[in-house]
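Trainee: Structure file upload07.cif (mmCIF, C-alpha atoms and all ligand atoms) right here:
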data_coords
#
loop_
_atom_site.label_atom_id
_atom_site.label_comp_id
_atom_site.auth_asym_id
_atom_site.auth_seq_id
_atom_site.Cartn_x
_atom_site.Cartn_y
_atom_site.Cartn_z
CA MET A 16 10.30 -43.30 11.41
CA LYS A 17 13.22 -42.31 13.64
CA LEU A 18 15.01 -40.77 10.69
CA SER A 19 12.06 -38.64 9.65
CA LEU A 20 11.57 -37.50 13.25
CA LEU A 21 15.22 -36.52 13.37
CA ALA A 22 14.84 -34.69 10.08
CA LEU A 23 11.83 -32.84 11.43
CA THR A 24 13.72 -31.88 14.59
CA LEU A 25 16.63 -30.62 12.52
CA LEU A 26 14.29 -28.70 10.27
CA SER A 27 12.59 -27.03 13.20
CA LEU A 28 16.00 -26.07 14.56
CA LEU A 29 16.99 -24.56 11.25
CA ALA A 30 13.72 -22.82 10.48
CA PRO A 31 13.32 -19.37 11.98
CA GLY A 32 10.84 -19.75 14.84
CA PRO A 33 8.69 -17.05 16.39
CA SER A 34 11.55 -15.91 18.63
CA ALA A 35 13.76 -15.35 15.57
CA ALA A 36 11.04 -13.22 13.99
CA LYS A 37 11.04 -10.94 17.03
CA ARG A 38 14.81 -10.58 17.19
CA PRO A 39 15.91 -7.33 15.51
CA PRO A 40 18.15 -7.84 12.49
CA THR A 41 21.75 -6.68 12.85
CA ARG A 42 21.09 -3.75 10.54
CA ALA A 43 17.92 -1.80 11.29
CA ARG A 44 15.44 -1.80 8.41
CA LYS A 45 13.60 1.44 7.73
CA VAL A 46 11.20 2.72 5.09
CA VAL A 47 10.29 6.06 3.54
CA PHE A 48 7.37 6.25 1.14
CA ILE A 49 6.76 9.29 -1.03
CA ILE A 50 3.48 10.02 -2.79
CA ALA A 51 3.92 12.62 -5.53
CA ASP A 52 0.40 13.64 -6.49
CA GLY A 53 -1.31 12.91 -9.81
CA ILE A 54 1.49 11.92 -12.19
CA PRO A 55 0.40 9.67 -15.11
CA ALA A 56 2.89 6.94 -16.01
CA ASP A 57 3.47 8.48 -19.48
CA VAL A 58 4.27 11.88 -17.95
CA LEU A 59 6.93 10.38 -15.69
CA ALA A 60 8.34 8.40 -18.62
CA LYS A 61 9.02 11.50 -20.71
CA ALA A 62 10.03 13.83 -17.87
CA ASN A 63 13.56 15.08 -17.26
CA THR A 64 14.12 13.33 -13.94
CA PRO A 65 17.76 12.20 -13.68
CA THR A 66 17.57 11.47 -9.95
CA ILE A 67 14.44 9.36 -10.16
CA LYS A 68 16.09 7.50 -13.05
CA LYS A 69 19.10 6.91 -10.80
CA VAL A 70 16.86 5.44 -8.09
CA ILE A 71 15.20 3.26 -10.71
CA GLY A 72 18.65 2.18 -11.93
CA ALA A 73 19.59 1.11 -8.42
CA GLY A 74 16.16 -0.42 -7.81
CA THR A 75 13.01 -1.31 -9.73
CA TYR A 76 10.36 0.50 -11.76
CA LEU A 77 6.96 -1.21 -11.80
CA PRO A 78 3.91 -0.22 -13.85
CA ALA A 79 1.07 -0.04 -11.33
CA HIS A 80 -2.59 0.82 -11.01
CA VAL A 81 -5.04 2.48 -8.66
CA GLY A 82 -8.84 2.38 -8.72
CA GLY A 83 -9.36 -1.20 -7.51
CA ASP A 84 -10.36 -3.90 -9.95
CA LEU A 85 -12.37 -2.32 -12.74
CA GLY A 86 -16.10 -3.01 -12.60
CA THR A 87 -15.95 -5.03 -9.38
CA TYR A 88 -16.81 -4.41 -5.73
CA THR A 89 -13.22 -3.21 -5.16
CA GLN A 90 -13.47 -0.36 -7.70
CA THR A 91 -12.35 2.88 -6.04
CA PRO A 92 -12.37 6.47 -7.40
CA THR A 93 -9.06 7.71 -8.85
CA ILE A 94 -9.12 10.57 -6.35
CA SER A 95 -6.28 11.57 -4.04
CA ALA A 96 -7.50 10.74 -0.52
CA PRO A 97 -8.95 7.34 -1.52
CA GLY A 98 -5.59 6.61 -3.16
CA TYR A 99 -3.60 7.53 -0.06
CA MET A 100 -5.93 5.40 2.05
CA ASP A 101 -5.48 2.46 -0.37
CA LEU A 102 -1.75 2.68 0.32
CA LEU A 103 -2.03 3.31 4.06
CA THR A 104 -4.39 0.39 4.74
CA GLY A 105 -3.54 -2.04 1.93
CA THR A 106 -7.26 -2.18 1.12
CA TRP A 107 -9.60 -0.63 -1.45
CA GLY A 108 -12.48 1.80 -0.83
CA TYR A 109 -15.10 -0.86 0.01
CA LYS A 110 -13.09 -1.49 3.16
CA HIS A 111 -11.41 1.80 4.17
CA ASN A 112 -14.50 3.83 3.16
CA VAL A 113 -12.73 6.95 1.87
CA TRP A 114 -14.44 7.90 -1.41
CA ASP A 115 -13.36 11.50 -1.94
CA ASN A 116 -11.20 14.26 -0.45
CA ASP A 117 -13.84 15.14 2.16
CA VAL A 118 -12.79 12.01 4.11
CA LYS A 119 -16.18 11.89 5.85
CA ALA A 120 -16.10 8.51 7.57
CA PRO A 121 -12.85 6.58 7.19
CA ASN A 122 -13.16 3.09 8.62
CA TYR A 123 -10.29 2.85 11.07
CA ALA A 124 -11.02 -0.84 11.69
CA TYR A 125 -8.66 -1.37 8.76
CA TYR A 126 -5.44 -0.39 10.49
CA ASN A 127 -2.98 1.78 8.60
CA ILE A 128 0.68 0.77 8.34
CA PHE A 129 1.73 3.23 11.06
CA ARG A 130 -0.79 1.80 13.51
CA LEU A 131 0.22 -1.76 12.66
CA LEU A 132 3.85 -0.87 13.31
CA LYS A 133 3.16 0.89 16.61
CA ALA A 134 0.89 -1.96 17.78
CA ALA A 135 3.65 -4.51 17.21
CA ARG A 136 6.61 -2.32 18.19
CA PRO A 137 5.49 0.54 20.46
CA THR A 138 9.00 2.03 20.68
CA SER A 139 9.41 2.38 16.91
CA LYS A 140 9.42 5.93 15.54
CA ILE A 141 7.12 7.25 12.82
CA GLY A 142 7.16 10.46 10.79
CA ILE A 143 4.92 12.35 8.38
CA PHE A 144 5.98 15.28 6.19
CA SER A 145 3.11 16.52 4.10
CA THR A 146 1.68 19.35 2.03
CA TRP A 147 -1.84 18.37 3.18
CA LEU A 148 -2.64 18.37 6.91
CA ASP A 149 -5.59 15.99 6.54
CA ASN A 150 -3.21 13.14 5.79
CA ARG A 151 -2.14 13.14 9.43
CA THR A 152 -5.31 14.29 11.13
CA LYS A 153 -7.98 12.51 9.07
CA LEU A 154 -6.53 9.63 7.05
CA VAL A 155 -4.11 8.32 9.65
CA GLY A 156 -6.44 9.90 12.24
CA GLU A 157 -3.82 11.04 14.72
CA GLY A 158 -5.21 11.40 18.22
CA ARG A 159 -8.58 9.90 17.34
CA PRO A 160 -9.66 7.12 19.72
CA ALA A 161 -11.21 5.13 16.85
CA ALA A 162 -7.87 5.30 15.04
CA GLY A 163 -5.97 4.05 18.08
CA ASN A 164 -4.86 7.43 19.50
CA LEU A 165 -1.82 7.20 17.30
CA LYS A 166 0.80 9.92 17.70
CA PHE A 167 3.53 10.69 15.17
CA ASP A 168 6.97 11.09 16.68
CA TYR A 169 7.89 13.59 13.98
CA HIS A 170 5.75 15.70 11.70
CA ALA A 171 6.03 18.71 9.41
CA ASP A 172 2.75 19.74 7.79
CA GLY A 173 -0.13 22.23 7.84
CA TYR A 174 1.85 24.89 5.97
CA GLU A 175 -1.03 25.34 3.52
CA LEU A 176 -2.95 26.99 6.36
CA ASP A 177 -0.24 29.65 6.74
CA THR A 178 -1.35 32.02 3.97
CA VAL A 179 1.09 34.71 5.09
CA ALA A 180 4.25 32.65 4.68
CA PHE A 181 2.77 30.76 1.71
CA ARG A 182 0.48 33.18 -0.10
CA HIS A 183 -1.96 31.23 -2.29
CA ASP A 184 -1.07 32.47 -5.79
CA LYS A 185 -3.01 31.67 -8.96
CA GLN A 186 -0.23 29.53 -10.42
CA SER A 187 -0.04 27.39 -7.28
CA LEU A 188 3.64 28.13 -6.89
CA TYR A 189 2.95 28.18 -3.17
CA THR A 190 2.50 24.40 -3.19
CA HIS A 191 5.92 24.13 -4.81
CA ALA A 192 7.33 26.24 -1.96
CA ILE A 193 5.51 24.10 0.61
CA ASP A 194 6.74 20.87 -1.02
CA ASP A 195 10.28 22.28 -0.77
CA LYS A 196 9.77 23.10 2.91
CA VAL A 197 8.29 19.66 3.60
CA VAL A 198 11.22 17.93 1.88
CA ALA A 199 13.77 20.05 3.76
CA GLU A 200 12.13 19.14 7.08
CA ALA A 201 11.86 15.47 6.09
CA SER A 202 15.50 15.24 4.98
CA GLN A 203 16.70 16.89 8.16
CA CYS A 204 14.62 14.53 10.31
CA LEU A 205 15.76 11.47 8.35
CA ARG A 206 19.40 12.47 8.71
CA THR A 207 19.22 13.20 12.44
CA GLN A 208 16.38 11.04 13.81
CA ALA A 209 16.02 8.26 11.22
CA PRO A 210 12.40 7.31 11.98
CA ASP A 211 11.56 3.67 11.25
CA LEU A 212 8.67 4.56 8.91
CA SER A 213 8.00 7.89 7.20
CA TRP A 214 5.49 9.27 4.72
CA ILE A 215 6.36 12.24 2.52
CA TYR A 216 3.45 13.70 0.57
CA LEU A 217 4.03 16.28 -2.20
CA GLU A 218 1.19 18.11 -3.93
CA HIS A 219 2.52 20.53 -6.53
CA THR A 220 2.50 18.09 -9.47
CA ASP A 221 -1.27 17.66 -9.11
CA ASP A 222 -2.00 21.39 -8.78
CA VAL A 223 -0.11 22.08 -11.99
CA GLY A 224 -1.92 19.20 -13.67
CA HIS A 225 -5.33 20.66 -12.75
CA ARG A 226 -4.30 24.11 -13.96
CA HIS A 227 -2.35 23.33 -17.12
CA GLY A 228 -2.92 19.66 -17.93
CA ASP A 229 -0.25 17.98 -20.03
CA SER A 230 2.05 20.95 -20.43
CA PRO A 231 5.56 22.39 -20.09
CA GLN A 232 4.49 23.57 -16.62
CA GLN A 233 3.79 19.97 -15.66
CA GLN A 234 7.23 18.94 -16.91
CA GLN A 235 8.71 21.74 -14.80
CA ALA A 236 6.84 20.40 -11.77
CA LEU A 237 8.41 16.98 -12.43
CA SER A 238 11.85 18.62 -12.42
CA TYR A 239 11.11 20.16 -9.02
CA LEU A 240 10.00 16.74 -7.80
CA ASP A 241 13.19 15.16 -9.09
CA ALA A 242 15.32 17.55 -7.04
CA GLN A 243 13.17 16.89 -3.96
CA VAL A 244 13.49 13.12 -4.35
CA GLY A 245 17.23 13.71 -4.70
CA GLN A 246 17.39 15.37 -1.26
CA VAL A 247 15.57 12.48 0.38
CA TRP A 248 17.61 9.86 -1.48
CA ALA A 249 20.87 11.54 -0.44
CA ALA A 250 19.74 11.55 3.20
CA LEU A 251 18.97 7.81 3.07
CA GLN A 252 22.25 6.98 1.37
CA ASP A 253 24.16 8.95 4.01
CA ARG A 254 22.34 7.12 6.79
CA ALA A 255 23.08 3.72 5.23
CA ARG A 256 26.77 4.64 4.88
CA HIS A 257 27.25 5.85 8.44
CA TYR A 258 24.82 3.72 10.44
CA PRO A 259 23.89 0.02 10.51
CA GLU A 260 20.66 0.72 8.62
CA ASP A 261 19.07 -0.57 5.42
CA TRP A 262 16.56 1.78 3.84
CA LEU A 263 13.75 1.10 1.40
CA LEU A 264 12.49 4.09 -0.56
CA VAL A 265 9.08 3.72 -2.16
CA LEU A 266 8.06 6.40 -4.64
CA THR A 267 4.60 6.39 -6.21
CA THR A 268 1.62 8.48 -7.23
CA ASP A 269 -2.05 8.36 -6.28
CA HIS A 270 -3.71 8.47 -9.72
CA GLY A 271 -3.17 9.32 -13.37
CA ARG A 272 -5.13 11.94 -15.33
CA ASP A 273 -7.65 12.02 -18.18
CA ALA A 274 -6.34 11.29 -21.68
CA ALA A 275 -7.90 14.30 -23.42
CA THR A 276 -6.44 17.18 -21.37
CA GLY A 277 -4.54 15.77 -18.41
CA LYS A 278 -6.43 18.24 -16.21
CA ASN A 279 -8.88 15.86 -14.55
CA HIS A 280 -9.06 12.59 -12.67
CA GLY A 281 -11.51 10.59 -10.57
CA GLY A 282 -12.86 8.28 -13.27
CA GLN A 283 -11.87 4.80 -14.38
CA SER A 284 -10.23 5.48 -17.76
CA ALA A 285 -7.00 3.63 -18.52
CA ARG A 286 -4.85 6.76 -18.10
CA GLU A 287 -6.48 7.70 -14.79
CA ARG A 288 -5.93 4.16 -13.44
CA ALA A 289 -2.40 3.65 -14.76
CA THR A 290 0.25 4.64 -12.23
CA TRP A 291 3.77 3.54 -11.37
CA LEU A 292 5.88 2.47 -8.46
CA VAL A 293 9.59 2.83 -7.82
CA LEU A 294 11.32 0.68 -5.20
CA SER A 295 14.93 1.25 -4.23
CA THR A 296 15.58 -2.50 -4.30
CA LYS A 297 16.13 -4.84 -7.20
CA GLU A 298 14.96 -7.83 -5.17
CA VAL A 299 11.35 -7.99 -6.28
CA ASN A 300 9.45 -11.26 -6.49
CA THR A 301 7.55 -13.17 -9.18
CA TYR A 302 4.32 -11.36 -8.31
CA ALA A 303 5.95 -7.96 -8.90
CA ARG A 304 7.15 -9.11 -12.29
CA ARG A 305 3.56 -9.99 -13.32
CA GLN A 306 2.74 -6.30 -13.78
CA PRO A 307 0.85 -4.10 -13.29
CA VAL A 308 1.04 -4.18 -9.53
CA ALA A 309 -1.35 -2.14 -7.36
CA ILE A 310 -1.10 0.65 -4.81
CA VAL A 311 -2.49 -1.77 -2.18
CA ASP A 312 0.62 -3.96 -2.63
CA ILE A 313 2.76 -1.32 -0.90
CA LEU A 314 1.60 -2.04 2.66
CA PRO A 315 2.48 -5.75 2.64
CA THR A 316 5.77 -4.84 0.91
CA ILE A 317 6.70 -2.37 3.65
CA ALA A 318 5.70 -4.92 6.31
CA ARG A 319 7.96 -7.52 4.65
CA PHE A 320 10.89 -5.14 4.43
CA ILE A 321 10.79 -4.12 8.09
CA GLN A 322 9.98 -7.72 9.08
CA LEU A 323 6.76 -6.64 10.74
CA PRO A 324 4.52 -9.60 11.61
CA LEU A 325 0.91 -8.81 10.67
CA PRO A 326 -1.97 -10.19 12.76
CA GLU A 327 -3.85 -13.03 11.06
CA ALA A 328 -7.10 -11.03 11.06
CA THR A 329 -5.28 -8.21 9.20
CA GLN A 330 -3.74 -10.57 6.67
CA ARG A 331 -7.20 -11.93 5.90
CA GLU A 332 -8.39 -8.44 4.91
CA LEU A 333 -5.40 -7.12 2.96
CA ASP A 334 -6.13 -6.59 -0.73
CA GLY A 335 -2.47 -6.44 -1.71
CA VAL A 336 0.37 -8.89 -2.22
CA PRO A 337 3.98 -8.24 -1.13
CA LEU A 338 6.34 -7.26 -3.94
CA ILE A 339 9.43 -8.62 -2.19
CA GLY A 340 10.12 -11.98 -0.57
CA PRO A 341 8.47 -15.32 -1.32
CA VAL A 342 4.86 -15.39 -2.51
CA SER A 343 2.36 -18.19 -2.99
CA LEU A 344 -0.63 -16.80 -4.82
CA ALA A 345 -2.53 -13.78 -6.15
CA GLN A 346 -5.67 -12.77 -8.07
CA PRO A 347 -8.33 -14.74 -6.21
CA THR A 348 -11.86 -14.63 -7.61
CA VAL A 349 -15.10 -16.17 -6.54
CA ALA A 350 -18.16 -16.67 -8.72
CA ALA A 351 -21.46 -18.16 -7.69
CA THR A 352 -24.06 -20.26 -9.34
CA SER A 353 -27.30 -21.05 -7.52
CA ASP A 354 -25.78 -24.15 -5.96
CA SER A 355 -22.01 -23.69 -6.01
CA LEU A 356 -19.10 -21.33 -5.34
CA ARG A 357 -16.30 -21.39 -7.89
CA LEU A 358 -12.90 -20.15 -6.75
CA ARG A 359 -9.93 -19.33 -8.92
CA TRP A 360 -6.45 -18.06 -8.10
CA THR A 361 -3.05 -17.67 -9.71
CA ALA A 362 -0.34 -19.88 -8.21
CA LEU A 363 3.02 -18.12 -7.91
CA GLY A 364 4.94 -20.50 -5.67
CA THR A 365 7.84 -22.30 -7.32
CA LYS A 366 7.65 -25.36 -5.06
CA PRO A 367 4.64 -27.64 -4.53
CA GLU A 368 2.55 -26.34 -1.66
CA LYS A 369 -0.95 -26.45 -0.27
CA VAL A 370 -3.43 -23.63 -0.04
CA LYS A 371 -5.97 -23.47 2.80
CA ILE A 372 -9.35 -22.11 1.84
CA TRP A 373 -11.42 -20.40 4.50
CA ALA A 374 -14.83 -18.75 4.43
CA ALA A 375 -16.77 -16.44 6.72
CA THR A 376 -20.33 -15.33 6.10
CA THR A 377 -20.16 -12.33 8.45
CA ASN A 378 -18.26 -9.04 8.35
CA HIS A 379 -17.73 -8.19 12.00
CA PHE A 380 -14.18 -7.05 11.20
CA LYS A 381 -15.67 -3.92 9.67
CA THR A 382 -16.89 -2.79 13.10
CA GLY A 383 -13.86 -3.93 15.05
CA GLY A 384 -15.10 -7.46 15.74
CA ALA A 385 -13.89 -10.90 14.71
CA ASP A 386 -15.25 -13.23 12.06
CA GLN A 387 -15.36 -17.00 12.50
CA TYR A 388 -13.74 -18.58 9.46
CA GLN A 389 -14.52 -22.13 8.49
CA LEU A 390 -11.91 -24.23 6.71
CA LEU A 391 -13.50 -25.30 3.43
CA GLY A 392 -10.54 -27.36 2.34
CA THR A 393 -6.82 -27.72 1.74
CA VAL A 394 -5.76 -28.30 -1.85
CA PRO A 395 -2.58 -28.19 -3.96
CA LEU A 396 -1.81 -24.56 -4.83
CA ALA A 397 -1.05 -25.47 -8.44
CA ARG A 398 -4.65 -26.56 -9.00
CA GLN A 399 -5.71 -22.90 -9.21
CA HIS A 400 -9.43 -23.58 -8.90
CA LEU A 401 -11.96 -25.23 -6.66
CA ALA A 402 -15.74 -25.53 -6.54
CA PHE A 403 -17.88 -25.93 -3.41
CA SER A 404 -21.48 -26.82 -2.93
CA ARG A 405 -23.27 -23.80 -1.54
CA ALA A 406 -25.80 -25.95 0.28
CA ALA A 407 -23.31 -26.70 3.07
CA TYR A 408 -22.69 -22.97 3.69
CA PRO A 409 -25.87 -21.13 2.79
CA ALA A 410 -25.38 -17.34 2.73
CA ALA A 411 -25.76 -14.33 0.44
CA PHE A 412 -22.36 -12.96 1.46
CA TYR A 413 -19.02 -14.72 1.75
CA LYS A 414 -15.53 -13.59 2.62
CA ILE A 415 -13.21 -16.17 1.10
CA VAL A 416 -9.61 -16.31 2.29
CA LEU A 417 -6.91 -18.28 0.52
CA GLU A 418 -3.95 -18.90 2.76
CA GLY A 419 -0.74 -19.95 1.05
CA GLU A 420 2.55 -20.71 2.78
CA HIS A 421 3.92 -17.25 2.06
CA ASN A 422 0.95 -14.93 1.66
CA THR A 423 -2.80 -14.72 2.16
CA VAL A 424 -5.32 -13.24 -0.28
CA ASN A 425 -9.08 -12.76 -0.15
CA CYS A 426 -12.11 -12.23 -2.33
CA TRP A 427 -15.70 -11.54 -1.42
CA LEU A 428 -18.93 -12.71 -2.89
CA MET A 429 -21.16 -9.71 -2.59
CA PRO A 430 -24.92 -9.64 -2.49
CA ALA A 431 -26.53 -7.67 -5.31
CA GLY A 432 -26.58 -3.90 -4.86
CA PRO A 433 -24.11 -1.01 -4.62
CA PRO A 434 -20.79 -1.73 -2.87
CA GLN A 435 -21.59 0.62 0.02
CA LEU A 436 -24.33 -1.75 1.23
CA ILE A 437 -21.98 -4.40 2.53
CA PRO A 438 -23.59 -6.27 5.46
ZN ZN B 1 -4.11 13.32 -6.18
#
Would you write the structure of this file as structure tokens?
Mentor:
Amino acid sequence: MKLSLLALTLLSLLAPGPSAAKRPPTRARKVVFIIADGIPADVLAKANTPTIKKVIGAGTYLPAHVGGDLGTYTQTPTISAPGYMDLLTGTWGYKHNVWDNDVKAPNYAYYNIFRLLKAARPTSKIGIFSTWLDNRTKLVGEGRPAAGNLKFDYHADGYELDTVAFRHDKQSLYTHAIDDKVVAEASQCLRTQAPDLSWIYLEHTDDVGHRHGDSPQQQQALSYLDAQVGQVWAALQDRARHYPEDWLLVLTTDHGRDAATGKNHGGQSARERATWLVLSTKEVNTYARRQPVAIVDILPTIARFIQLPLPEATQRELDGVPLIGPVSLAQPTVAATSDSLRLRWTALGTKPEKVKIWAATTNHFKTGGADQYQLLGTVPLARQHLAFSRAAYPAAFYKIVLEGEHNTVNCWLMPAGPPQLIP
């Protein structure tokens, strides 16, 4: 008894406690994520992009997907703004509520990564450099009370509204010029200000796709992108050489394109859903190696890298799994019969551990409230399934949360009807 108590005391001394989590690491950890619009995985694969290949060589290339889980309540259009919002919030459309580029009613109850960072570390610096103004003003919702009155410390965007400096030509070369301007501003800011978290959004690749489809022009657009990524990459490498900073670069796209022409997107075909993800680190986990990963995995990955603690209520809503660091489980599903709930998950932990299973039958989170979760049970993670009698928890709607030692995942049992009619 005494021995085990001593062992426990030693363990608690060795384990990083809450105070350790708050202590800044000796080298600052910073992230830049780039979304290059509308590049199918096969287009990137055959493009002449020596710099992106260099980043992949120093890091990791992961096949990825957008569009939620096909045919389920998480299915989300393969359209730009929903894709950006998937990344920003780590959730699919049924939560963030952005279904097209009109961005009519984003649900800011699902905090974006910038807001999560500022809430935990108010003095941290954030930047956005973008060829589409709405990314700052509507998706992140800068200055909107419902979106937390967030303010970027650095921004360079809105150039598309300046039709004198960037005349809107039929070939959309103006978006190439704007992308160049955005990247120049971003690189300068990264070199001199080194914000803790930055988003660079580049549009030209999608414009060329819509105009020309799979074409030499599209390949040219990829070459432009490669040079732009090179500028950003050089800025980060310079910072890491001269300052005590570790940088993670995340490069991805928001959707693929149709197989027939490469001009369109928005649907759920394999080529529209298939995307890709480049991380400037080789240290990806077992979940990342079970490809394809998803655009919603980026938020928890960024949070891991910058050692940002996420509130429990947020973790219970995230639809992604971190791609770096230890992971416990992924791919939760719930199915119902008239009298039981059947849960399944994929265990990823290498050591024996327990998973806690929680359920809520309300969705107050959606309107900024809190849900009361009930602990249904604690079972060995490796079991990978569990059935419950429904009689004890009668409801038409359930939010099920599976809490492993290293990560938390969720799945919902939806009442019949279209996904928009969530209670
Ligand atoms: Zn797009």
Trainee: Expressed in Å to a single decimal, how great is the separation between atom CA of Gly82 of chain A and atom CA of Trp262 of chain A?
Mentor: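 We find that atom CA of Gly82 of chain A and atom CA of Trp262 of chain A lie 28.3 Å from each other.
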Trainee: Neighbouring residues of His225 of chain A were defined as those with any atom within 8 Å, considering all atoms listed in the file; residues of the same chain fewer than 6 positions away were excluded. Please report them as a CSV table (one decimal) with C-alpha atoms, in the frame of the given file.
Mentor:
chain,number,residue,atom,x,y,z
A,277,GLY,CA,-4.5,15.8,-18.4
A,278,LYS,CA,-6.4,18.2,-16.2
A,279,ASN,CA,-8.9,15.9,-14.6
Trainee: Pick the closest to ligand ZN 1 (chain B) from A:Gly86, A:Gly335, A:Gly281, A:Gly53: which is it, counting all atoms listed in the file?
Mentor: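 Smallest distance to ligand ZN 1 (chain B) is found for A:Gly53.
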Trainee: Which of these, A:Trp291, A:Tyr99, A:Phe320, A:Phe380, has the shortest distance to ligand ZN 1 (chain B) once you count all atoms listed in the file?
Mentor: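 Selected residue with least distance to ligand ZN 1 (chain B): A:Tyr99.
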Trainee: Which of these, A:Pro137, A:Pro160, A:Gly224, A:Gly245, has the shortest distance to ligand ZN 1 (chain B) once you count only C-alpha atoms and all ligand atoms?
Mentor: A:Gly224
Trainee: Return as a list in words the residues of protein, DNA or RNA that approach ligand ZN 1 (chain B) to within 10 Å, with all atoms listed in the file taken into account.
Mentor: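 Going residue by residue within 10 Å of ligand ZN 1 (chain B), we get Ile50, Ala51, Asp52, Gly53, Ile54, Thr93, Ile94, Ser95, Ala96, Pro97, Gly98, Tyr99, Asn116, Leu217, Glu218, His219, Thr220, Asp221, Asp222, Gly224, His225, Thr268, Asp269, His270, Gly271, Arg272, Asn279, His280 and Gly281 of chain A.
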Trainee: Let's have the selection written as a PDB file, in the frame of the given file, with C-alpha atoms.
Mentor:
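And here is the file that came out, part_0.pdb:
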ATOM      1  CA  ILE A  50       3.480  10.020  -2.790  1.00  0.00           C
ATOM      2  CA  ALA A  51       3.920  12.620  -5.530  1.00  0.00           C
ATOM      3  CA  ASP A  52       0.400  13.640  -6.490  1.00  0.00           C
ATOM      4  CA  GLY A  53      -1.310  12.910  -9.810  1.00  0.00           C
ATOM      5  CA  ILE A  54       1.490  11.920 -12.190  1.00  0.00           C
ATOM      6  CA  THR A  93      -9.060   7.710  -8.850  1.00  0.00           C
ATOM      7  CA  ILE A  94      -9.120  10.570  -6.350  1.00  0.00           C
ATOM      8  CA  SER A  95      -6.280  11.570  -4.040  1.00  0.00           C
ATOM      9  CA  ALA A  96      -7.500  10.740  -0.520  1.00  0.00           C
ATOM     10  CA  PRO A  97      -8.950   7.340  -1.520  1.00  0.00           C
ATOM     11  CA  GLY A  98      -5.590   6.610  -3.160  1.00  0.00           C
ATOM     12  CA  TYR A  99      -3.600   7.530  -0.060  1.00  0.00           C
ATOM     13  CA  ASN A 116     -11.200  14.260  -0.450  1.00  0.00           C
ATOM     14  CA  LEU A 217       4.030  16.280  -2.200  1.00  0.00           C
ATOM     15  CA  GLU A 218       1.190  18.110  -3.930  1.00  0.00           C
ATOM     16  CA  HIS A 219       2.520  20.530  -6.530  1.00  0.00           C
ATOM     17  CA  THR A 220       2.500  18.090  -9.470  1.00  0.00           C
ATOM     18  CA  ASP A 221      -1.270  17.660  -9.110  1.00  0.00           C
ATOM     19  CA  ASP A 222      -2.000  21.390  -8.780  1.00  0.00           C
ATOM     20  CA  GLY A 224      -1.920  19.200 -13.670  1.00  0.00           C
ATOM     21  CA  HIS A 225      -5.330  20.660 -12.750  1.00  0.00           C
ATOM     22  CA  THR A 268       1.620   8.480  -7.230  1.00  0.00           C
ATOM     23  CA  ASP A 269      -2.050   8.360  -6.280  1.00  0.00           C
ATOM     24  CA  HIS A 270      -3.710   8.470  -9.720  1.00  0.00           C
ATOM     25  CA  GLY A 271      -3.170   9.320 -13.370  1.00  0.00           C
ATOM     26  CA  ARG A 272      -5.130  11.940 -15.330  1.00  0.00           C
ATOM     27  CA  ASN A 279      -8.880  15.860 -14.550  1.00  0.00           C
ATOM     28  CA  HIS A 280      -9.060  12.590 -12.670  1.00  0.00           C
ATOM     29  CA  GLY A 281     -11.510  10.590 -10.570  1.00  0.00           C
TER      30      GLY A 281
END
Trainee: Neighbours of Leu417 of chain A within 10 Å (all atoms listed in the file; same-chain residues fewer than 6 positions away dropped), as a list in words?
Mentor: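 Here the qualifying residues turn out to be Arg331, Ser343, Leu344, Ala345, Pro347, Leu358, Arg359, Trp360, Val370, Lys371, Ile372, Trp373, Ala374, Leu390, Gly392, Thr393, Leu396, Thr423, Val424, Asn425 and Cys426 of chain A.
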Trainee: Counting all atoms listed in the file, figure out which residue out of A:Glu175, A:Asp115, A:Asp253, A:Glu418 gets nearest to Thr146 of chain A.
Mentor: A:Glu175
Trainee: For Gly108 of chain A, list every protein, DNA or RNA residue within 10 Å, evaluated using all atoms listed in the file, and leave out those in the same chain fewer than 5 positions away; present the list as a VMD selection string.
Mentor: chain A and resid 82 to 83 88 to 92 97 to 98 100 to 101 113 to 115 121 to 122 434 to 435
Trainee: What separation in Å, quoted to one decimal, exists between atom CA of Gln306 of chain A and atom CA of Ala285 of chain A?
Mentor: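 Computing it gives 14.7 Å between the two atoms.
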Trainee: Box in all listed atoms of segment 279-292 of chain A, axis-aligned, with 6 Å more on each side; write out centre and edge lengths in Å to one decimal as lines of an AutoDock Vina configuration file.
Mentor:
center_x = -3.5
center_y = 9.2
center_z = -13.5
size_x = 30.7
size_y = 25.4
size_z = 22.1
Trainee: Which neighbours of Gly364 of chain A fall inside 12 Å, counting only C-alpha atoms, when residues of the same chain fewer than 6 positions from it are skipped, and could you give them as a CSV table (one decimal) with C-alpha atoms, keeping the file's coordinate frame?
Mentor:
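The result, stored in result14.csv:
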chain,number,residue,atom,x,y,z
A,300,ASN,CA,9.4,-11.3,-6.5
A,301,THR,CA,7.6,-13.2,-9.2
A,302,TYR,CA,4.3,-11.4,-8.3
A,340,GLY,CA,10.1,-12.0,-0.6
A,341,PRO,CA,8.5,-15.3,-1.3
A,342,VAL,CA,4.9,-15.4,-2.5
A,343,SER,CA,2.4,-18.2,-3.0
A,344,LEU,CA,-0.6,-16.8,-4.8
A,345,ALA,CA,-2.5,-13.8,-6.2
A,370,VAL,CA,-3.4,-23.6,0.0
A,395,PRO,CA,-2.6,-28.2,-4.0
A,396,LEU,CA,-1.8,-24.6,-4.8
A,397,ALA,CA,-1.0,-25.5,-8.4
A,398,ARG,CA,-4.6,-26.6,-9.0
A,399,GLN,CA,-5.7,-22.9,-9.2
A,419,GLY,CA,-0.7,-20.0,1.0
A,420,GLU,CA,2.6,-20.7,2.8
A,421,HIS,CA,3.9,-17.2,2.1
A,422,ASN,CA,1.0,-14.9,1.7
